[in-house]
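Quick look at input39.pdb (PDB, C-alpha atoms):
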```pdb
ATOM      1  CA  MET A 268     124.570  95.469 105.322  1.00  0.00           C
ATOM      2  CA  LEU A 269     123.487  91.826 105.482  1.00  0.00           C
ATOM      3  CA  ALA A 270     121.320  92.481 108.542  1.00  0.00           C
ATOM      4  CA  ALA A 271     119.619  95.397 106.800  1.00  0.00           C
ATOM      5  CA  LEU A 272     118.869  93.212 103.770  1.00  0.00           C
ATOM      6  CA  ALA A 273     117.535  90.424 105.980  1.00  0.00           C
ATOM      7  CA  TYR A 274     115.290  92.417 108.324  1.00  0.00           C
ATOM      8  CA  ILE A 275     114.183  95.740 106.810  1.00  0.00           C
ATOM      9  CA  PRO A 276     112.237  94.434 103.778  1.00  0.00           C
ATOM     10  CA  LEU A 277     110.372  91.947 105.974  1.00  0.00           C
ATOM     11  CA  LEU A 278     109.449  94.561 108.555  1.00  0.00           C
ATOM     12  CA  LEU A 279     108.189  96.942 105.853  1.00  0.00           C
ATOM     13  CA  THR A 280     105.987  94.325 104.161  1.00  0.00           C
ATOM     14  CA  LYS A 281     102.335  94.490 105.299  1.00  0.00           C
ATOM     15  CA  PRO A 282     102.898  95.883 108.803  1.00  0.00           C
ATOM     16  CA  GLY A 283     100.339  94.684 111.307  1.00  0.00           C
ATOM     17  CA  MET A 284      99.510  91.453 109.468  1.00  0.00           C
ATOM     18  CA  VAL A 285     100.877  87.982 110.160  1.00  0.00           C
ATOM     19  CA  ALA A 286     102.296  86.646 106.888  1.00  0.00           C
ATOM     20  CA  ALA A 287     100.849  83.472 105.387  1.00  0.00           C
ATOM     21  CA  ASP A 288     102.880  80.502 106.519  1.00  0.00           C
ATOM     22  CA  THR A 289     102.525  76.727 106.508  1.00  0.00           C
ATOM     23  CA  LYS A 290     103.094  76.726 110.257  1.00  0.00           C
ATOM     24  CA  GLN A 291     100.754  79.575 111.192  1.00  0.00           C
ATOM     25  CA  TYR A 292     100.019  78.173 114.657  1.00  0.00           C
ATOM     26  CA  LEU A 293     103.705  78.395 115.471  1.00  0.00           C
ATOM     27  CA  TYR A 294     103.296  82.156 115.858  1.00  0.00           C
ATOM     28  CA  LEU A 295      99.704  82.255 117.067  1.00  0.00           C
ATOM     29  CA  ASP A 296      99.758  79.499 119.719  1.00  0.00           C
ATOM     30  CA  PRO A 297     103.173  77.806 119.989  1.00  0.00           C
ATOM     31  CA  GLY A 298     102.482  76.104 123.334  1.00  0.00           C
ATOM     32  CA  THR A 299      99.413  74.213 122.132  1.00  0.00           C
ATOM     33  CA  LEU A 300     101.100  73.296 118.852  1.00  0.00           C
ATOM     34  CA  MET A 301     104.084  71.808 120.693  1.00  0.00           C
ATOM     35  CA  ALA A 302     101.787  69.931 123.077  1.00  0.00           C
ATOM     36  CA  HIS A 303     100.025  68.324 120.121  1.00  0.00           C
ATOM     37  CA  ALA A 304     103.351  67.624 118.398  1.00  0.00           C
ATOM     38  CA  LEU A 305     104.457  65.221 121.122  1.00  0.00           C
ATOM     39  CA  SER A 306     102.734  62.531 119.082  1.00  0.00           C
ATOM     40  CA  MET A 307     103.022  63.109 115.353  1.00  0.00           C
ATOM     41  CA  TRP A 308     100.199  60.668 114.615  1.00  0.00           C
ATOM     42  CA  ASP A 309      96.786  62.367 114.380  1.00  0.00           C
ATOM     43  CA  PRO A 310      93.998  59.759 114.514  1.00  0.00           C
ATOM     44  CA  THR A 311      91.258  62.371 114.000  1.00  0.00           C
ATOM     45  CA  THR A 312      92.236  63.221 110.410  1.00  0.00           C
ATOM     46  CA  ALA A 313      91.454  60.851 107.513  1.00  0.00           C
ATOM     47  CA  ALA A 314      91.647  57.688 109.635  1.00  0.00           C
ATOM     48  CA  GLY A 315      95.059  58.742 110.904  1.00  0.00           C
ATOM     49  CA  THR A 316      97.946  60.693 109.411  1.00  0.00           C
ATOM     50  CA  VAL A 317     101.061  62.696 110.168  1.00  0.00           C
ATOM     51  CA  THR A 318     100.039  66.326 109.766  1.00  0.00           C
ATOM     52  CA  HIS A 319     102.178  68.766 107.804  1.00  0.00           C
ATOM     53  CA  GLN A 320     102.083  71.207 110.730  1.00  0.00           C
ATOM     54  CA  GLN A 321     104.368  68.954 112.786  1.00  0.00           C
ATOM     55  CA  ILE A 322     107.045  68.049 110.233  1.00  0.00           C
ATOM     56  CA  GLY A 323     110.220  70.012 111.010  1.00  0.00           C
ATOM     57  CA  LEU A 324     108.530  71.749 113.911  1.00  0.00           C
ATOM     58  CA  PRO A 325     110.817  71.246 116.946  1.00  0.00           C
ATOM     59  CA  PRO A 326     113.721  73.573 115.979  1.00  0.00           C
ATOM     60  CA  ALA A 327     111.463  76.452 114.987  1.00  0.00           C
ATOM     61  CA  ALA A 328     109.086  75.996 117.911  1.00  0.00           C
ATOM     62  CA  ARG A 329     111.920  75.980 120.435  1.00  0.00           C
ATOM     63  CA  ALA A 330     113.210  79.246 119.005  1.00  0.00           C
ATOM     64  CA  VAL A 331     109.753  80.853 119.181  1.00  0.00           C
ATOM     65  CA  LEU A 332     108.913  79.502 122.649  1.00  0.00           C
ATOM     66  CA  LEU A 333     112.305  80.043 124.288  1.00  0.00           C
ATOM     67  CA  GLY A 334     113.520  83.079 122.387  1.00  0.00           C
ATOM     68  CA  PRO A 335     113.426  86.487 124.012  1.00  0.00           C
ATOM     69  CA  ARG A 336     110.071  88.055 123.263  1.00  0.00           C
ATOM     70  CA  PRO A 337     108.864  90.832 125.508  1.00  0.00           C
ATOM     71  CA  PRO A 338     105.076  90.725 125.889  1.00  0.00           C
ATOM     72  CA  ARG A 339     104.537  94.022 124.060  1.00  0.00           C
ATOM     73  CA  ILE A 340     106.045  92.846 120.746  1.00  0.00           C
ATOM     74  CA  PRO A 341     103.201  92.034 118.331  1.00  0.00           C
ATOM     75  CA  THR A 342     102.997  88.603 116.726  1.00  0.00           C
ATOM     76  CA  TRP A 343     103.665  89.963 113.233  1.00  0.00           C
ATOM     77  CA  VAL A 344     106.922  91.598 114.399  1.00  0.00           C
ATOM     78  CA  ALA A 345     108.067  88.394 116.119  1.00  0.00           C
ATOM     79  CA  GLN A 346     107.319  86.469 112.928  1.00  0.00           C
ATOM     80  CA  ARG A 347     109.306  88.920 110.789  1.00  0.00           C
ATOM     81  CA  LEU A 348     112.232  88.807 113.241  1.00  0.00           C
ATOM     82  CA  TRP A 349     112.244  84.989 113.086  1.00  0.00           C
ATOM     83  CA  MET A 350     112.174  84.968 109.271  1.00  0.00           C
ATOM     84  CA  GLY A 351     114.811  87.714 109.140  1.00  0.00           C
ATOM     85  CA  SER A 352     117.023  85.706 111.480  1.00  0.00           C
ATOM     86  CA  LEU A 353     116.759  82.695 109.177  1.00  0.00           C
ATOM     87  CA  LEU A 354     117.725  84.845 106.191  1.00  0.00           C
ATOM     88  CA  PHE A 355     120.584  86.468 108.118  1.00  0.00           C
ATOM     89  CA  VAL A 356     122.071  83.143 109.263  1.00  0.00           C
ATOM     90  CA  ALA A 357     121.715  81.669 105.767  1.00  0.00           C
ATOM     91  CA  GLY A 358     123.374  84.721 104.224  1.00  0.00           C
ATOM     92  CA  ALA A 359     126.165  84.702 106.795  1.00  0.00           C
ATOM     93  CA  GLY A 360     126.726  81.013 106.126  1.00  0.00           C
ATOM     94  CA  VAL A 361     127.352  81.484 102.418  1.00  0.00           C
ATOM     95  CA  ARG A 362     129.337  84.718 102.735  1.00  0.00           C
ATOM     96  CA  THR A 363     132.933  84.364 101.678  1.00  0.00           C
ATOM     97  CA  PRO A 364     135.550  85.933 103.968  1.00  0.00           C
TER
END
```
Go through the file and emit its structure as structure tokens.
Amino acid sequence: MLAALAYIPLLLTKPGMVAADTKQYLYLDPGTLMAHALSMWDPTTAAGTVTHQQIGLPPAARAVLLGPRPPRIPTWVAQRLWMGSLLFVAGAGVRTP
């Protein structure tokens, strides 16, 4: 029941479209994003700053880069599966036995 609540609504919401996210490049180009995240300091923006795209990035990027994703799964489905997995784990963590 928990898995159905975590995954089905996400997969039925705007099929075919990548949902708006603060870390959009995580789904679109995770390799380049991780390469740029090696140094959090970005000297090309406003005389230097830590960009919001890189804060909290490593755990999510590792899951997207290393997780099983056959090449035929569209980006929007992979995104929904990632978000559903977060909801499922959070729900399982607060479930009382």
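Interatomic distance, atom CA of Ser352 of chain A against atom CA of Ala270 of chain A: 8.5 Å.
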Review point. Expressed in Å to a single decimal, how great is the separation between atom CA of Gly351 of chain A and atom CA of Ala273 of chain A?
Key: 5.0 Å
Exercise for review: Could you expand the PyMOL selection byres ((chain A and resi 277) around 12) into the explicit residues it covers here, written as JSON, numbers by chain?
Suggested key: {"A": [270, 271, 272, 273, 274, 275, 276, 278, 279, 280, 281, 282, 283, 284, 285, 286, 343, 344, 345, 346, 347, 348, 349, 350, 351, 352, 353, 354, 355]}
Grab all the atoms of segment 293-307 of chain A that the file lists, wrap them in a box along x, y and z, add 4 Å per side, and give me centre plus edge lengths in Å (one decimal) as JSON.
```
{"center_x": 101.9, "center_y": 72.4, "center_z": 119.3, "size_x": 13.0, "size_y": 27.7, "size_z": 16.0}
```
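For the pair atom CA of Thr299 of chain A and atom CA of Ile340 of chain A, the interatomic distance is 19.8 Å.
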